[in-house]
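Structure file protein_12.cif (mmCIF, C-alpha atoms) is printed below.
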data_work
#
loop_
_atom_site.group_PDB
_atom_site.id
_atom_site.type_symbol
_atom_site.label_atom_id
_atom_site.label_comp_id
_atom_site.auth_asym_id
_atom_site.auth_seq_id
_atom_site.Cartn_x
_atom_site.Cartn_y
_atom_site.Cartn_z
ATOM 1 C CA MET Z 133 6.464 -20.808 -60.871
ATOM 2 C CA PRO Z 134 7.190 -24.120 -59.102
ATOM 3 C CA ALA Z 135 9.478 -24.149 -56.083
ATOM 4 C CA PRO Z 136 12.997 -25.477 -56.738
ATOM 5 C CA VAL Z 137 14.267 -28.943 -55.868
ATOM 6 C CA TYR Z 138 17.769 -28.988 -54.380
ATOM 7 C CA LYS Z 139 20.082 -31.986 -54.279
ATOM 8 C CA VAL Z 140 21.785 -32.092 -50.875
ATOM 9 C CA ALA Z 141 24.728 -34.367 -50.059
ATOM 10 C CA ILE Z 142 24.817 -35.388 -46.403
ATOM 11 C CA ILE Z 143 28.380 -36.555 -45.731
ATOM 12 C CA GLN Z 144 28.511 -38.623 -42.543
ATOM 13 C CA LEU Z 145 32.295 -38.633 -42.196
ATOM 14 C CA HIS Z 146 34.157 -40.650 -39.576
ATOM 15 C CA PRO Z 147 36.686 -38.116 -38.248
ATOM 16 C CA LYS Z 148 39.888 -39.805 -37.161
ATOM 17 C CA PRO Z 149 41.318 -38.168 -34.021
ATOM 18 C CA LEU Z 150 43.883 -35.456 -34.828
ATOM 19 C CA ASP Z 151 44.325 -36.685 -38.434
ATOM 20 C CA ILE Z 152 43.586 -33.300 -39.945
ATOM 21 C CA GLU Z 153 45.154 -34.015 -43.345
ATOM 22 C CA GLY Z 154 43.560 -37.434 -43.694
ATOM 23 C CA ASN Z 155 40.134 -36.183 -42.638
ATOM 24 C CA HIS Z 156 40.335 -33.256 -45.026
ATOM 25 C CA ALA Z 157 41.326 -35.551 -47.880
ATOM 26 C CA SER Z 158 38.328 -37.797 -47.135
ATOM 27 C CA ALA Z 159 36.021 -34.795 -47.029
ATOM 28 C CA VAL Z 160 37.300 -33.554 -50.389
ATOM 29 C CA ARG Z 161 36.726 -36.985 -51.978
ATOM 30 C CA TYR Z 162 33.122 -37.007 -50.797
ATOM 31 C CA ILE Z 163 32.507 -33.442 -51.964
ATOM 32 C CA ARG Z 164 33.850 -34.338 -55.404
ATOM 33 C CA GLN Z 165 31.460 -37.297 -55.482
ATOM 34 C CA ALA Z 166 28.613 -34.982 -54.533
ATOM 35 C CA ALA Z 167 29.499 -32.555 -57.303
ATOM 36 C CA ALA Z 168 29.684 -35.441 -59.798
ATOM 37 C CA GLN Z 169 26.070 -36.218 -58.853
ATOM 38 C CA SER Z 170 25.070 -32.587 -59.546
ATOM 39 C CA CYS Z 171 24.437 -31.750 -55.901
ATOM 40 C CA HIS Z 172 23.736 -28.131 -55.057
ATOM 41 C CA LEU Z 173 24.982 -28.442 -51.474
ATOM 42 C CA ALA Z 174 27.411 -30.673 -49.565
ATOM 43 C CA VAL Z 175 27.434 -30.715 -45.761
ATOM 44 C CA LEU Z 176 30.019 -32.252 -43.399
ATOM 45 C CA PRO Z 177 29.785 -32.992 -39.644
ATOM 46 C CA GLU Z 178 30.977 -31.011 -36.654
ATOM 47 C CA TYR Z 179 34.672 -31.489 -35.724
ATOM 48 C CA HIS Z 180 35.233 -33.221 -39.048
ATOM 49 C CA LEU Z 181 38.910 -32.200 -39.298
ATOM 50 C CA THR Z 182 40.156 -33.197 -35.845
ATOM 51 C CA SER Z 183 37.417 -35.140 -34.090
ATOM 52 C CA TRP Z 184 36.831 -34.052 -30.469
ATOM 53 C CA VAL Z 185 40.021 -34.605 -28.442
ATOM 54 C CA PRO Z 186 40.460 -31.300 -26.591
ATOM 55 C CA ASP Z 187 42.796 -32.705 -23.936
ATOM 56 C CA SER Z 188 45.434 -33.679 -26.486
ATOM 57 C CA PRO Z 189 48.461 -31.339 -26.351
ATOM 58 C CA SER Z 190 48.438 -31.087 -30.148
ATOM 59 C CA PHE Z 191 44.761 -30.135 -30.413
ATOM 60 C CA PRO Z 192 45.194 -26.325 -30.103
ATOM 61 C CA ASP Z 193 48.038 -26.301 -32.624
ATOM 62 C CA LEU Z 194 45.909 -28.164 -35.156
ATOM 63 C CA CYS Z 195 43.044 -25.734 -34.601
ATOM 64 C CA ALA Z 196 45.463 -22.879 -35.330
ATOM 65 C CA GLN Z 197 45.679 -24.189 -38.919
ATOM 66 C CA SER Z 198 41.976 -23.531 -39.555
ATOM 67 C CA ALA Z 199 42.454 -20.739 -42.119
ATOM 68 C CA LYS Z 200 44.330 -23.094 -44.458
ATOM 69 C CA TYR Z 201 41.421 -25.534 -44.629
ATOM 70 C CA LEU Z 202 38.718 -22.877 -44.868
ATOM 71 C CA SER Z 203 40.557 -21.390 -47.853
ATOM 72 C CA ALA Z 204 40.859 -24.850 -49.404
ATOM 73 C CA TYR Z 205 37.099 -25.391 -49.131
ATOM 74 C CA CYS Z 206 36.427 -21.992 -50.718
ATOM 75 C CA SER Z 207 38.653 -22.924 -53.651
ATOM 76 C CA LEU Z 208 36.990 -26.344 -53.938
ATOM 77 C CA ALA Z 209 33.502 -24.806 -53.962
ATOM 78 C CA ALA Z 210 34.484 -22.476 -56.801
ATOM 79 C CA GLU Z 211 36.178 -25.270 -58.747
ATOM 80 C CA LEU Z 212 33.213 -27.651 -58.492
ATOM 81 C CA HIS Z 213 30.443 -25.018 -58.512
ATOM 82 C CA ILE Z 214 28.886 -26.473 -55.376
ATOM 83 C CA ASN Z 215 27.790 -24.850 -52.122
ATOM 84 C CA ILE Z 216 29.613 -26.282 -49.111
ATOM 85 C CA VAL Z 217 29.035 -26.251 -45.362
ATOM 86 C CA PRO Z 218 32.336 -27.740 -44.153
ATOM 87 C CA GLY Z 219 30.888 -29.030 -40.900
ATOM 88 C CA THR Z 220 32.522 -27.012 -38.189
ATOM 89 C CA ILE Z 221 36.088 -25.816 -38.063
ATOM 90 C CA ILE Z 222 37.631 -25.067 -34.678
ATOM 91 C CA GLU Z 223 39.535 -21.803 -34.806
ATOM 92 C CA LYS Z 224 42.159 -20.590 -32.380
ATOM 93 C CA HIS Z 225 41.879 -16.897 -31.538
ATOM 94 C CA GLY Z 226 44.485 -15.986 -28.960
ATOM 95 C CA SER Z 227 43.902 -18.421 -26.114
ATOM 96 C CA SER Z 228 40.283 -19.078 -27.133
ATOM 97 C CA LEU Z 229 38.934 -21.930 -29.265
ATOM 98 C CA LEU Z 230 35.814 -21.154 -31.318
ATOM 99 C CA ASN Z 231 33.621 -23.770 -32.991
ATOM 100 C CA ILE Z 232 32.553 -22.221 -36.306
ATOM 101 C CA ALA Z 233 30.265 -23.278 -39.152
ATOM 102 C CA TYR Z 234 30.529 -21.557 -42.535
ATOM 103 C CA PHE Z 235 28.312 -21.469 -45.606
ATOM 104 C CA ILE Z 236 30.478 -21.233 -48.724
ATOM 105 C CA SER Z 237 28.720 -20.421 -51.990
ATOM 106 C CA SER Z 238 29.287 -22.184 -55.298
ATOM 107 C CA SER Z 239 31.457 -19.224 -56.323
ATOM 108 C CA GLY Z 240 33.751 -19.775 -53.330
ATOM 109 C CA THR Z 241 32.430 -16.825 -51.310
ATOM 110 C CA ILE Z 242 31.682 -17.116 -47.595
ATOM 111 C CA LEU Z 243 28.049 -16.074 -47.201
ATOM 112 C CA GLY Z 244 27.413 -17.105 -43.598
ATOM 113 C CA ARG Z 245 29.357 -17.722 -40.401
ATOM 114 C CA TYR Z 246 28.040 -19.020 -37.094
ATOM 115 C CA GLN Z 247 29.879 -19.591 -33.819
ATOM 116 C CA LYS Z 248 28.323 -22.291 -31.648
ATOM 117 C CA LYS Z 249 26.205 -20.765 -28.940
ATOM 118 C CA ASN Z 250 24.802 -23.631 -26.865
ATOM 119 C CA LEU Z 251 27.866 -25.577 -25.788
ATOM 120 C CA TRP Z 252 27.440 -29.150 -24.573
ATOM 121 C CA HIS Z 253 28.561 -29.440 -20.940
ATOM 122 C CA PRO Z 254 31.922 -31.178 -21.630
ATOM 123 C CA GLU Z 255 32.758 -28.514 -24.238
ATOM 124 C CA ARG Z 256 32.477 -25.595 -21.865
ATOM 125 C CA PRO Z 257 35.957 -25.875 -20.312
ATOM 126 C CA HIS Z 258 37.481 -25.771 -23.808
ATOM 127 C CA LEU Z 259 35.345 -23.654 -26.155
ATOM 128 C CA THR Z 260 34.071 -20.078 -26.135
ATOM 129 C CA SER Z 261 30.363 -19.562 -26.811
ATOM 130 C CA SER Z 262 28.890 -16.811 -28.977
ATOM 131 C CA THR Z 263 26.626 -16.130 -25.935
ATOM 132 C CA HIS Z 264 24.265 -13.235 -26.721
ATOM 133 C CA GLU Z 265 25.114 -12.702 -30.379
ATOM 134 C CA PRO Z 266 21.883 -13.121 -32.372
ATOM 135 C CA HIS Z 267 21.207 -16.013 -34.710
ATOM 136 C CA VAL Z 268 21.284 -14.638 -38.247
ATOM 137 C CA ALA Z 269 19.694 -16.012 -41.422
ATOM 138 C CA PHE Z 270 21.406 -15.076 -44.674
ATOM 139 C CA ASP Z 271 20.810 -15.164 -48.419
ATOM 140 C CA THR Z 272 22.348 -17.982 -50.466
ATOM 141 C CA PRO Z 273 21.841 -19.510 -53.932
ATOM 142 C CA LEU Z 274 19.429 -21.894 -52.140
ATOM 143 C CA GLY Z 275 17.377 -19.115 -50.584
ATOM 144 C CA LYS Z 276 17.422 -17.973 -46.977
ATOM 145 C CA VAL Z 277 19.514 -20.295 -44.793
ATOM 146 C CA GLY Z 278 20.365 -20.559 -41.097
ATOM 147 C CA LEU Z 279 23.238 -22.388 -39.404
ATOM 148 C CA LEU Z 280 23.113 -24.150 -36.037
ATOM 149 C CA ILE Z 281 25.484 -26.659 -34.440
ATOM 150 C CA CYS Z 282 24.765 -29.891 -32.545
ATOM 151 C CA TRP Z 283 23.369 -29.091 -29.073
ATOM 152 C CA ASP Z 284 21.576 -26.033 -30.496
ATOM 153 C CA LEU Z 285 18.997 -28.628 -31.582
ATOM 154 C CA ALA Z 286 17.754 -28.773 -28.004
ATOM 155 C CA PHE Z 287 16.666 -25.122 -28.099
ATOM 156 C CA PRO Z 288 13.559 -24.321 -30.167
ATOM 157 C CA GLU Z 289 14.332 -20.643 -29.641
ATOM 158 C CA ALA Z 290 17.336 -20.911 -31.973
ATOM 159 C CA PHE Z 291 15.172 -22.210 -34.813
ATOM 160 C CA ARG Z 292 12.478 -19.632 -34.138
ATOM 161 C CA GLU Z 293 14.955 -16.778 -34.406
ATOM 162 C CA LEU Z 294 16.179 -18.040 -37.786
ATOM 163 C CA VAL Z 295 12.686 -18.761 -39.109
ATOM 164 C CA ALA Z 296 11.570 -15.287 -38.018
ATOM 165 C CA GLN Z 297 14.150 -13.954 -40.463
ATOM 166 C CA GLY Z 298 12.875 -16.131 -43.303
ATOM 167 C CA ALA Z 299 15.157 -19.181 -43.127
ATOM 168 C CA LYS Z 300 13.682 -22.231 -44.844
ATOM 169 C CA LEU Z 301 16.797 -24.412 -44.720
ATOM 170 C CA VAL Z 302 18.433 -24.854 -41.322
ATOM 171 C CA ILE Z 303 21.747 -26.705 -41.556
ATOM 172 C CA VAL Z 304 23.039 -28.447 -38.434
ATOM 173 C CA PRO Z 305 26.533 -30.041 -38.445
ATOM 174 C CA THR Z 306 26.800 -32.338 -35.428
ATOM 175 C CA PHE Z 307 29.070 -34.613 -33.402
ATOM 176 C CA TRP Z 308 26.492 -36.503 -31.315
ATOM 177 C CA THR Z 309 27.075 -39.975 -29.904
ATOM 178 C CA LEU Z 310 25.155 -42.508 -27.847
ATOM 179 C CA ALA Z 311 27.693 -41.893 -25.052
ATOM 180 C CA ASP Z 312 26.344 -38.353 -24.565
ATOM 181 C CA CYS Z 313 23.651 -39.911 -22.378
ATOM 182 C CA SER Z 314 24.210 -40.323 -18.635
ATOM 183 C CA GLU Z 315 24.667 -43.732 -17.053
ATOM 184 C CA LYS Z 316 21.197 -43.496 -15.554
ATOM 185 C CA GLY Z 317 19.707 -42.697 -18.954
ATOM 186 C CA LEU Z 318 21.630 -45.479 -20.662
ATOM 187 C CA ARG Z 319 20.317 -47.992 -18.152
ATOM 188 C CA ARG Z 320 16.803 -46.999 -19.143
ATOM 189 C CA ASN Z 321 17.527 -46.942 -22.872
ATOM 190 C CA PRO Z 322 20.961 -47.633 -24.453
ATOM 191 C CA PHE Z 323 19.767 -45.753 -27.554
ATOM 192 C CA ALA Z 324 18.313 -42.773 -25.744
ATOM 193 C CA GLU Z 325 20.371 -40.267 -27.734
ATOM 194 C CA GLN Z 326 19.236 -41.820 -31.000
ATOM 195 C CA LEU Z 327 15.649 -41.458 -29.790
ATOM 196 C CA PHE Z 328 16.356 -37.820 -28.853
ATOM 197 C CA LEU Z 329 17.607 -37.049 -32.351
ATOM 198 C CA GLU Z 330 14.828 -38.922 -34.148
ATOM 199 C CA SER Z 331 12.205 -37.115 -32.073
ATOM 200 C CA VAL Z 332 13.612 -33.593 -32.159
ATOM 201 C CA LEU Z 333 14.691 -33.336 -35.793
ATOM 202 C CA VAL Z 334 11.272 -34.065 -37.240
ATOM 203 C CA ALA Z 335 9.585 -31.936 -34.589
ATOM 204 C CA ARG Z 336 11.758 -28.937 -35.512
ATOM 205 C CA ALA Z 337 10.852 -29.374 -39.180
ATOM 206 C CA PHE Z 338 7.126 -29.503 -38.459
ATOM 207 C CA GLU Z 339 6.978 -26.712 -35.907
ATOM 208 C CA ASN Z 340 8.953 -24.316 -38.119
ATOM 209 C CA THR Z 341 7.773 -25.412 -41.588
ATOM 210 C CA CYS Z 342 11.432 -25.709 -42.565
ATOM 211 C CA ALA Z 343 13.874 -28.333 -43.783
ATOM 212 C CA VAL Z 344 16.502 -29.415 -41.246
ATOM 213 C CA VAL Z 345 19.728 -30.639 -42.852
ATOM 214 C CA PHE Z 346 21.290 -32.684 -40.059
ATOM 215 C CA VAL Z 347 24.755 -34.145 -40.627
ATOM 216 C CA ASN Z 348 26.322 -36.154 -37.808
ATOM 217 C CA ALA Z 349 29.684 -37.897 -37.495
ATOM 218 C CA GLY Z 350 29.628 -41.631 -38.172
ATOM 219 C CA GLY Z 351 31.569 -44.721 -37.205
ATOM 220 C CA VAL Z 352 34.261 -46.328 -39.344
ATOM 221 C CA LYS Z 353 33.175 -47.081 -42.891
ATOM 222 C CA GLU Z 354 31.738 -50.477 -43.740
ATOM 223 C CA GLY Z 355 34.572 -52.763 -44.803
ATOM 224 C CA ASP Z 356 37.060 -50.799 -42.702
ATOM 225 C CA GLY Z 357 35.892 -52.159 -39.360
ATOM 226 C CA GLY Z 358 32.366 -50.743 -39.586
ATOM 227 C CA GLU Z 359 28.878 -52.163 -39.915
ATOM 228 C CA GLY Z 360 28.951 -55.833 -40.746
ATOM 229 C CA SER Z 361 32.639 -56.158 -39.973
ATOM 230 C CA GLY Z 362 32.268 -57.583 -36.504
ATOM 231 C CA SER Z 363 33.953 -54.622 -34.788
ATOM 232 C CA GLY Z 364 30.773 -53.409 -33.114
ATOM 233 C CA ARG Z 365 29.004 -50.120 -33.323
ATOM 234 C CA GLY Z 366 30.589 -48.444 -30.339
ATOM 235 C CA SER Z 367 28.858 -45.206 -29.383
ATOM 236 C CA TRP Z 368 28.319 -43.771 -32.872
ATOM 237 C CA ALA Z 369 24.816 -42.425 -33.408
ATOM 238 C CA GLY Z 370 24.984 -41.274 -37.045
ATOM 239 C CA GLY Z 371 21.465 -40.851 -38.372
ATOM 240 C CA SER Z 372 22.253 -37.980 -40.761
ATOM 241 C CA GLN Z 373 19.139 -36.918 -42.668
ATOM 242 C CA VAL Z 374 17.064 -34.106 -44.073
ATOM 243 C CA ALA Z 375 13.920 -33.706 -41.967
ATOM 244 C CA VAL Z 376 10.917 -32.060 -43.613
ATOM 245 C CA PRO Z 377 7.269 -31.561 -42.655
ATOM 246 C CA PHE Z 378 4.726 -34.211 -43.716
ATOM 247 C CA GLU Z 379 7.415 -36.752 -44.718
ATOM 248 C CA GLY Z 380 9.743 -36.755 -41.704
ATOM 249 C CA ALA Z 381 13.306 -38.043 -42.062
ATOM 250 C CA ARG Z 382 14.485 -38.295 -45.666
ATOM 251 C CA GLY Z 383 17.664 -40.059 -46.765
ATOM 252 C CA LYS Z 384 18.436 -41.176 -43.231
ATOM 253 C CA LEU Z 385 21.798 -42.905 -42.873
ATOM 254 C CA GLY Z 386 22.813 -45.629 -40.414
ATOM 255 C CA TRP Z 387 25.629 -45.231 -37.941
ATOM 256 C CA CYS Z 388 28.752 -45.755 -40.062
ATOM 257 C CA GLU Z 389 30.513 -43.433 -42.485
ATOM 258 C CA GLY Z 390 28.864 -42.773 -45.812
ATOM 259 C CA MET Z 391 27.181 -40.226 -48.032
ATOM 260 C CA GLY Z 392 23.564 -39.857 -49.037
ATOM 261 C CA VAL Z 393 21.990 -37.546 -51.605
ATOM 262 C CA VAL Z 394 18.558 -36.151 -50.797
ATOM 263 C CA ASP Z 395 16.273 -34.273 -53.175
ATOM 264 C CA VAL Z 396 14.744 -31.442 -51.145
ATOM 265 C CA ASP Z 397 11.581 -30.178 -52.823
ATOM 266 C CA MET Z 398 11.078 -26.686 -51.417
ATOM 267 C CA GLU Z 399 7.407 -26.875 -52.406
ATOM 268 C CA ILE Z 400 6.769 -29.122 -49.412
ATOM 269 C CA LEU Z 401 7.677 -26.213 -47.132
ATOM 270 C CA GLU Z 402 5.131 -23.978 -48.866
ATOM 271 C CA GLU Z 403 2.501 -26.695 -48.513
ATOM 272 C CA ALA Z 404 3.331 -27.124 -44.824
ATOM 273 C CA GLU Z 405 3.117 -23.392 -44.188
ATOM 274 C CA GLU Z 406 -0.218 -23.247 -46.007
ATOM 275 C CA ASN Z 407 -1.461 -25.974 -43.669
ATOM 276 C CA TYR Z 408 0.074 -24.942 -40.326
ATOM 277 C CA LYS Z 409 0.506 -21.168 -40.870
ATOM 278 C CA VAL Z 410 3.400 -20.986 -38.411
ATOM 279 C CA ARG Z 411 5.183 -18.148 -40.189
ATOM 280 C CA GLN Z 412 1.910 -16.351 -40.771
ATOM 281 C CA ASP Z 413 1.129 -16.410 -37.062
ATOM 282 C CA MET Z 414 4.658 -15.288 -36.171
ATOM 283 C CA GLY Z 415 4.296 -12.324 -38.519
ATOM 284 C CA SER Z 416 0.891 -11.208 -37.269
ATOM 285 C CA GLU Z 417 0.246 -8.137 -35.165
ATOM 286 C CA GLY Z 418 0.156 -8.904 -31.458
ATOM 287 C CA TRP Z 419 2.124 -12.138 -31.752
ATOM 288 C CA HIS Z 420 2.850 -13.067 -28.169
ATOM 289 C CA TYR Z 421 6.318 -14.639 -28.364
ATOM 290 C CA GLU Z 422 9.613 -12.816 -28.711
ATOM 291 C CA TYR Z 423 10.909 -14.167 -32.023
ATOM 292 C CA SER Z 424 8.316 -12.620 -34.311
ATOM 293 C CA LEU Z 425 8.788 -11.353 -37.835
ATOM 294 C CA ILE Z 426 7.792 -7.904 -36.613
ATOM 295 C CA ARG Z 427 9.810 -7.828 -33.395
ATOM 296 C CA ASP Z 428 12.054 -4.979 -34.569
ATOM 297 C CA SER Z 429 9.008 -2.726 -34.903
ATOM 298 C CA GLN Z 430 7.774 -3.394 -31.389
ATOM 299 C CA PRO Z 431 8.230 -0.611 -28.822
ATOM 300 C CA ALA Z 432 11.007 -1.183 -26.323
ATOM 301 C CA LYS Z 433 9.842 -2.452 -22.977
#
If you convert what's in this file into structure tokens, what do you get?
Amino acid sequence: MPAPVYKVAIIQLHPKPLDIEGNHASAVRYIRQAAAQSCHLAVLPEYHLTSWVPDSPSFPDLCAQSAKYLSAYCSLAAELHINIVPGTIIEKHGSSLLNIAYFISSSGTILGRYQKKNLWHPERPHLTSSTHEPHVAFDTPLGKVGLLICWDLAFPEAFRELVAQGAKLVIVPTFWTLADCSEKGLRRNPFAEQLFLESVLVARAFENTCAVVFVNAGGVKEGDGGEGSGSGRGSWAGGSQVAVPFEGARGKLGWCEGMGVVDVDMEILEEAEENYKVRQDMGSEGWHYEYSLIRDSQPAK
């Protein structure tokens, strides 16, 4: 039986600071467009509802409204019969802010939840990490899936833990800009962060024989002060894509807001595994790294 082909909508939204209603309305419009194109999955960026403005006095109050928008996405998924990863939603729990990604099935059920573990340095004064909670892959209508967020990309261990549990799709909502590079790095290469992303995303796909669904925030949409409008790019990196072995970046977007639809042929992952045998090696007896498929059966040290 041939492996399935999934249509994935990568929605590179431009999140307007603190405009939670406007950003949600934009996200819904894109998801409806994705459903109209028979997409199986729609993915939004990190911080898509509020952007990242943690020093604003109104930021915590907006984050306290998270349940309303999560419920709205569940209802939308059921209405349109589409799986949705609504980027990340910042939740307020007591005095703590958590950066959460959800996988919502096409029936409107939450199948997966992940709290960002590897916080970027400027996030650490504001967000609470999931620290030592394990990465967990989970079953979905698209097979076994794992969720990561933004800076998790820099840690191969995160991917390995998900792949060890059978994940073949790893979905990564992101808010990554060119300004995340230091002044010293920018002097060497103004597009260093773009180079980082281009290098790491394809590497993660190859080294794990998986598909990496990477959805970043973008700059203002073309015609609204974006590309070609004369306003300048600013620090937006964009570059949303689905990275797969053999082919690299598929459906890669530029830096401004927009949506792309990528056909993800899961057969390519089987072909890559047949060639590289990464999962086979990880599942073999005596595998010498921690995140093996048989790690739970190993004697405690």
Fill in: Nearest to Z:Ala167 by atom-to-atom distance, counting only C-alpha atoms, from Z:Asn215, Z:Gln247, Z:Thr263, Z:Ser198
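Nearest to Z:Ala167: Z:Asn215.
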* Quick one: which residues end up in the PyMOL selection byres ((chain Z and resi 308) around 8) for this structure, as a PyMOL selection string? -> chain Z and resi 282+306-307+309-310+312+348-349+368-370
Name the residues that the PyMOL selection byres ((chain Z and resi 262) around 8) picks from the file above, as a PDB file with C-alpha atoms, keeping the file's coordinate frame, using the file's chain letters and numbers.
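As written to disk, selection-v7.pdb reads:
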ATOM      1  CA  GLN Z 247      29.879 -19.591 -33.819  1.00  0.00           C
ATOM      2  CA  LYS Z 248      28.323 -22.291 -31.648  1.00  0.00           C
ATOM      3  CA  LYS Z 249      26.205 -20.765 -28.940  1.00  0.00           C
ATOM      4  CA  THR Z 260      34.071 -20.078 -26.135  1.00  0.00           C
ATOM      5  CA  SER Z 261      30.363 -19.562 -26.811  1.00  0.00           C
ATOM      6  CA  THR Z 263      26.626 -16.130 -25.935  1.00  0.00           C
ATOM      7  CA  HIS Z 264      24.265 -13.235 -26.721  1.00  0.00           C
ATOM      8  CA  GLU Z 265      25.114 -12.702 -30.379  1.00  0.00           C
TER       9      GLU Z 265
END
Could you list the residues chosen by the PyMOL selection byres ((chain Z and resi 372) around 6) in this structure as a list in words?
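Matching residues under the PyMOL selection byres ((chain Z and resi 372) around 6) are Phe346, Val347, Asn348, Gly370, Gly371, Gln373, Lys384 and Leu385 of chain Z.
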In the coordinates of the file, take the point (14.3, -25.7, -54.3) and a cut-off of 7 Å; then, counting all atoms listed in the file, name each qualifying protein, DNA or RNA residue as a ChimeraX atom specification. /Z:135-138,274,396-398
Create the file for the chosen residues now, containing C-alpha atoms and written as a PDB file, in the frame of the given file.
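And here is the file that came out, part31.pdb:
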ATOM      1  CA  ALA Z 135       9.478 -24.149 -56.083  1.00  0.00           C
ATOM      2  CA  PRO Z 136      12.997 -25.477 -56.738  1.00  0.00           C
ATOM      3  CA  VAL Z 137      14.267 -28.943 -55.868  1.00  0.00           C
ATOM      4  CA  TYR Z 138      17.769 -28.988 -54.380  1.00  0.00           C
ATOM      5  CA  LEU Z 274      19.429 -21.894 -52.140  1.00  0.00           C
ATOM      6  CA  VAL Z 396      14.744 -31.442 -51.145  1.00  0.00           C
ATOM      7  CA  ASP Z 397      11.581 -30.178 -52.823  1.00  0.00           C
ATOM      8  CA  MET Z 398      11.078 -26.686 -51.417  1.00  0.00           C
TER       9      MET Z 398
END
Inset, instruction - Just give me the residues with any atom within 7 Å of (18.2, -23.1, -40.4), file coordinates, counting only C-alpha atoms, written as a PyMOL selection string. - result: chain Z and resi 277-280+291+294+299-303+344
query: From the list Z:Ile221, Z:Val345, Z:Leu243, Z:Val334, which residue is nearest Z:Ala269 when using all atoms listed in the file?
result: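 Using all atoms listed in the file, Z:Ala269 sits closest to Z:Leu243.
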One number please: atom CA of Z:Gln326 to atom CA of Z:Lys409, in Å, one decimal.
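Here the two named atoms are 29.6 Å from each other.
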Among Z:Val304, Z:Ile142, Z:Val352, Z:Ala375, Z:Glu389 is approached most closely, using all atoms listed in the file, by Z:Val352
Fewer than 2 positions away in the same chain doesn't count, so skip those; otherwise give me all residues within 6 Å of Z:Thr341, counting all atoms listed in the file, as a PDB file with C-alpha atoms, keeping the file's coordinate frame.
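The result, written out as out-v3.pdb:
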ATOM      1  CA  ALA Z 337      10.852 -29.374 -39.180  1.00  0.00           C
ATOM      2  CA  PHE Z 338       7.126 -29.503 -38.459  1.00  0.00           C
ATOM      3  CA  GLU Z 339       6.978 -26.712 -35.907  1.00  0.00           C
ATOM      4  CA  LEU Z 401       7.677 -26.213 -47.132  1.00  0.00           C
ATOM      5  CA  ALA Z 404       3.331 -27.124 -44.824  1.00  0.00           C
ATOM      6  CA  GLU Z 405       3.117 -23.392 -44.188  1.00  0.00           C
TER       7      GLU Z 405
END
- Taking all atoms listed in the file into account, which of Z:Pro177, Z:Gly317, Z:Pro189, Z:Pro377 comes nearest Z:Glu402?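 Once distances to Z:Glu402 are computed over all atoms listed in the file, the minimum belongs to Z:Pro377.
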In Å and to one decimal, atom CA of Z:Arg365 is distant from atom CA of Z:His180 by 18.9 Å
